[in-house]
Amino acid sequence: MSLQTITADERCTVQAISPARRLDSIQELVRHGLSQPPKTLPPILFYDERGSELFEQICQLPEYYLTRTEQQILDCYAADMAQVCDPELVLVELGSGSSTKTRTLLDALFVRGQRPIYRPIDISQAMLQATAEELTVEYPDLQVHAIASDYEHGLEEVGKQKGHQKAFLFLGSNLGNFTRSAAVALLGDIRQAMHPGDLLFLGLDLVKPLPLLLAAYDDRDGVTAAFNKNVLARINRELDADFNLERFRHQVVWNAAEQAIEMHLRSLGDQQVRVRDLELAVTFRDGETIHTESSHKYTQEILETLSGDAGLEIERMWLDENGWFALNLLAPKNNGAMEQ
């Protein structure tokens, strides 16, 4: 995959997949997801510029414990994380967003005299570019080389890099958006991008009482509902569709078999939606849903199984005081890694 350079100077570069490639990808995802029963749209479609802004708001909500709980773990243990990293390293973050929590680890690294190169990977080019520019101002000794792409292509790019240790950072329990089999595949892609001595810091939300889980994805102010519906607004904007957002309701359910929170958009009545750029007409029955996200919750046993299947092993686990969230240190099995 070829990347286009959007911003380039001595300390800050932003590379991105081409707009045409990005549009082709969106078209494929929407056509596939809305043409099959049950209808689905993948979470990657949430994160256009507006969706990224809404997610930043979600992270500040009182119901959304994930962000503040993971931040508390970082506040307590970032120095321990920095200690297992080499003096010179490449810090690769998947789904970096505004890199708010990442700053805690960067601070700990710089306190120890370490000099990381930061390589964030995020699908939102606007968010990535703004954050990269902010970070080079906040940290005068930091180089930021960002990649605006999906995880697969971003990992392919960073996997080519040899020399310094790579510490992969995957926070926010974003792995939970993937089915168990897809999570193994993604962990396997990270494993493929590793060389001997590389590490993975993986943040995961743990199984907990159901009322806490449901409230986190259905806040009283309706921010999560707006975030969910924005995927329809995005399709309207980018693919000339005519979704009426008032005729869909945000719905959250617990899938006990999968140990996952699911987000859906439920049709309020029978209706037909046209997606003109795809020459697609989509019929909805009253009550039919579009499944937009699953957020799988973890136990240590589940993580051990999935990481083992991907060729990784848990070396350390840091928990918050309530045992709600875990920040895990993973490394390739047998302290080795696949050579590129």
# chains A, B, ... in the order shown; residues from 1 in each chain; ligands from 1

$ residues_around --residues "range 37-39 of chain A" --least-positions-apart "3" --cutoff "12 Å" --atoms "only C-alpha atoms" --output "list in words"
Leu29, Val30, Arg31, His32, Gly33, Leu34, Pro42, His264, Leu265, Arg266, Ser267, Val282, Thr283, Phe284, Arg285, Glu288, Thr289, Ile290, His291, Thr292 and Glu293 of chain A

$ residues_around --residues "range 93-110 of chain A" --least-positions-apart "5" --cutoff "6 Å" --atoms "only C-alpha atoms" --output "NGL selection string"
:A and (78-79 or 82 or 120-122 or 131 or 168-170)

$ closest_atom_pairs --of "range 239-323 of chain A" --to "range 220-235 of chain A" --cutoff "12 Å" --atoms "only C-alpha atoms" --output "CSV"
residue,atom,partner,partner_atom,distance
A:Leu239,CA,A:Ile235,CA,5.2
A:Asp240,CA,A:Ile235,CA,6.9
A:Ala241,CA,A:Ile235,CA,6.0
A:Asp242,CA,A:Ile235,CA,8.5
A:Phe243,CA,A:Leu232,CA,6.3
A:Asn244,CA,A:Leu232,CA,8.4
A:Leu245,CA,A:Lys229,CA,6.6
A:Glu246,CA,A:Lys229,CA,9.3
A:Arg247,CA,A:Lys229,CA,10.4
A:Phe248,CA,A:Lys229,CA,7.8
A:Arg249,CA,A:Ala225,CA,7.8
A:His250,CA,A:Ala225,CA,5.2
A:Gln251,CA,A:Ala225,CA,8.1
A:Val252,CA,A:Ala225,CA,9.6
A:Glu262,CA,A:Asn228,CA,11.4
A:Met263,CA,A:Asn228,CA,7.8
A:His264,CA,A:Asn228,CA,8.0
A:Leu265,CA,A:Lys229,CA,7.3
A:Arg266,CA,A:Lys229,CA,10.4
A:Ser267,CA,A:Lys229,CA,11.6
A:Val273,CA,A:Leu232,CA,10.6
A:Arg274,CA,A:Ile235,CA,10.4
A:Val275,CA,A:Ile235,CA,7.9
A:Arg276,CA,A:Ile235,CA,10.2
A:Asp277,CA,A:Ile235,CA,9.8
A:Leu278,CA,A:Ile235,CA,10.6
A:Ile290,CA,A:Leu232,CA,10.2
A:His291,CA,A:Asn228,CA,10.1
A:Thr292,CA,A:Asn228,CA,7.5
A:Glu293,CA,A:Asn228,CA,8.8

$ residues_around --residues "Lys297 in chain A" --least-positions-apart "3" --cutoff "10 Å" --atoms "only C-alpha atoms" --output "list in words"
Ser173, Leu175, Gly176, Asn177, Leu204, Asp205, Leu206, Val207, Lys208, Leu213, Glu258, Gln259, Ala260, Ile261, Ser294, Ile302, Leu303 and Phe325 of chain A

$ select_by_dssp --residues "range 116-237 of chain A" --states "strand (DSSP E or B)" --output "list in words"
Pro116, Ile117, Tyr118, Arg119, Pro120, Ile121, Asp122, Gln143, Val144, His145, Ala146, Ile147, Ala148, Gln165, Lys166, Ala167, Phe168, Leu169, Phe170, Leu199, Leu200, Phe201, Leu202, Gly203, Leu204, Asp205 and Leu206 of chain A

$ select_by_dssp --residues "range 48-267 of chain A" --states "helix (DSSP H, G or I)" --output "ChimeraX atom specification"
/A:49-58,65-83,102-111,125-138,151-159,174-177,180-193,210-216,223-239,245-247

$ closest_atom_pairs --of "range 138-257 of chain A" --to "range 309-318 of chain A" --cutoff "9 Å" --atoms "only C-alpha atoms" --output "CSV"
residue,atom,partner,partner_atom,distance
A:Ala183,CA,A:Ala310,CA,9.0
A:Val184,CA,A:Ala310,CA,5.5
A:Ala185,CA,A:Ala310,CA,7.0
A:Leu186,CA,A:Ala310,CA,8.3
A:Leu187,CA,A:Ala310,CA,5.7
A:Gly188,CA,A:Ala310,CA,4.6
A:Asp189,CA,A:Ala310,CA,8.4
A:Ile190,CA,A:Ala310,CA,8.9
A:Arg191,CA,A:Gly311,CA,6.9

$ write_last_selection --atoms "N, CA and C atoms" --output "mmCIF file, in the first residue's frame"
data_model
loop_
_atom_site.group_PDB
_atom_site.id
_atom_site.type_symbol
_atom_site.label_atom_id
_atom_site.label_comp_id
_atom_site.auth_asym_id
_atom_site.auth_seq_id
_atom_site.Cartn_x
_atom_site.Cartn_y
_atom_site.Cartn_z
ATOM 1 N N ALA A 183 -10.153 -10.595 16.923
ATOM 2 C CA ALA A 183 -9.177 -10.097 17.890
ATOM 3 C C ALA A 183 -7.878 -10.904 17.798
ATOM 4 N N VAL A 184 -8.001 -12.217 17.651
ATOM 5 C CA VAL A 184 -6.808 -13.050 17.477
ATOM 6 C C VAL A 184 -6.067 -12.645 16.202
ATOM 7 N N ALA A 185 -6.825 -12.392 15.131
ATOM 8 C CA ALA A 185 -6.194 -11.996 13.864
ATOM 9 C C ALA A 185 -5.456 -10.672 14.010
ATOM 10 N N LEU A 186 -6.065 -9.702 14.715
ATOM 11 C CA LEU A 186 -5.413 -8.406 14.883
ATOM 12 C C LEU A 186 -4.180 -8.531 15.773
ATOM 13 N N LEU A 187 -4.296 -9.286 16.855
ATOM 14 C CA LEU A 187 -3.115 -9.516 17.691
ATOM 15 C C LEU A 187 -2.023 -10.218 16.883
ATOM 16 N N GLY A 188 -2.447 -11.097 15.984
ATOM 17 C CA GLY A 188 -1.481 -11.750 15.116
ATOM 18 C C GLY A 188 -0.790 -10.772 14.175
ATOM 19 N N ASP A 189 -1.540 -9.771 13.686
ATOM 20 C CA ASP A 189 -0.929 -8.738 12.835
ATOM 21 C C ASP A 189 0.090 -7.918 13.630
ATOM 22 N N ILE A 190 -0.237 -7.620 14.889
ATOM 23 C CA ILE A 190 0.727 -6.911 15.736
ATOM 24 C C ILE A 190 1.969 -7.784 15.939
ATOM 25 N N ARG A 191 1.737 -9.044 16.202
ATOM 26 C CA ARG A 191 2.849 -10.001 16.387
ATOM 27 C C ARG A 191 3.751 -10.047 15.154
#

$ atom_distance --atom1 "CA of Phe178 in chain A" --atom2 "CA of Thr299 in chain A"
15.3 Å

$ residues_around --residues "Ala126 in chain A" --least-positions-apart "6" --cutoff "12 Å" --atoms "only C-alpha atoms" --output "ChimeraX atom specification"
/A:6-7,14-16,47-53,97-98,132-133,146-149

$ residues_around --residues "Gln165 in chain A" --least-positions-apart "5" --cutoff "8 Å" --atoms "only C-alpha atoms" --output "JSON, numbers by chain"
{"A": [85, 86, 88, 89, 90, 195, 197, 198]}

$ closest_atom_pairs --of "range 204-239 of chain A" --to "range 60-69 of chain A" --cutoff "8 Å" --atoms "only C-alpha atoms" --output "JSON lines"
{"residue": "A:Asp205", "atom": "CA", "partner": "A:Leu66", "partner_atom": "CA", "distance": 7.0}
{"residue": "A:Leu212", "atom": "CA", "partner": "A:Glu63", "partner_atom": "CA", "distance": 7.7}
{"residue": "A:Ala215", "atom": "CA", "partner": "A:Glu63", "partner_atom": "CA", "distance": 5.8}
{"residue": "A:Ala216", "atom": "CA", "partner": "A:Tyr64", "partner_atom": "CA", "distance": 4.4}
{"residue": "A:Tyr217", "atom": "CA", "partner": "A:Tyr64", "partner_atom": "CA", "distance": 7.3}
{"residue": "A:Asp219", "atom": "CA", "partner": "A:Glu63", "partner_atom": "CA", "distance": 6.2}

$ atom_distance --atom1 "CA of Phe201 in chain A" --atom2 "CA of Met81 in chain A"
8.3 Å

$ closest_residue --among "A:Leu54, A:Ala193, A:Leu135, A:Leu200" --to "Lys162 in chain A" --atoms "only C-alpha atoms"
A:Ala193

$ closest_residue --among "A:Thr40, A:Ser295, A:Thr13, A:Gln114" --to "Pro87 in chain A" --atoms "only C-alpha atoms"
A:Gln114

$ atom_distance --atom1 "CA of Gln57 in chain A" --atom2 "CA of Glu138 in chain A"
22.2 Å
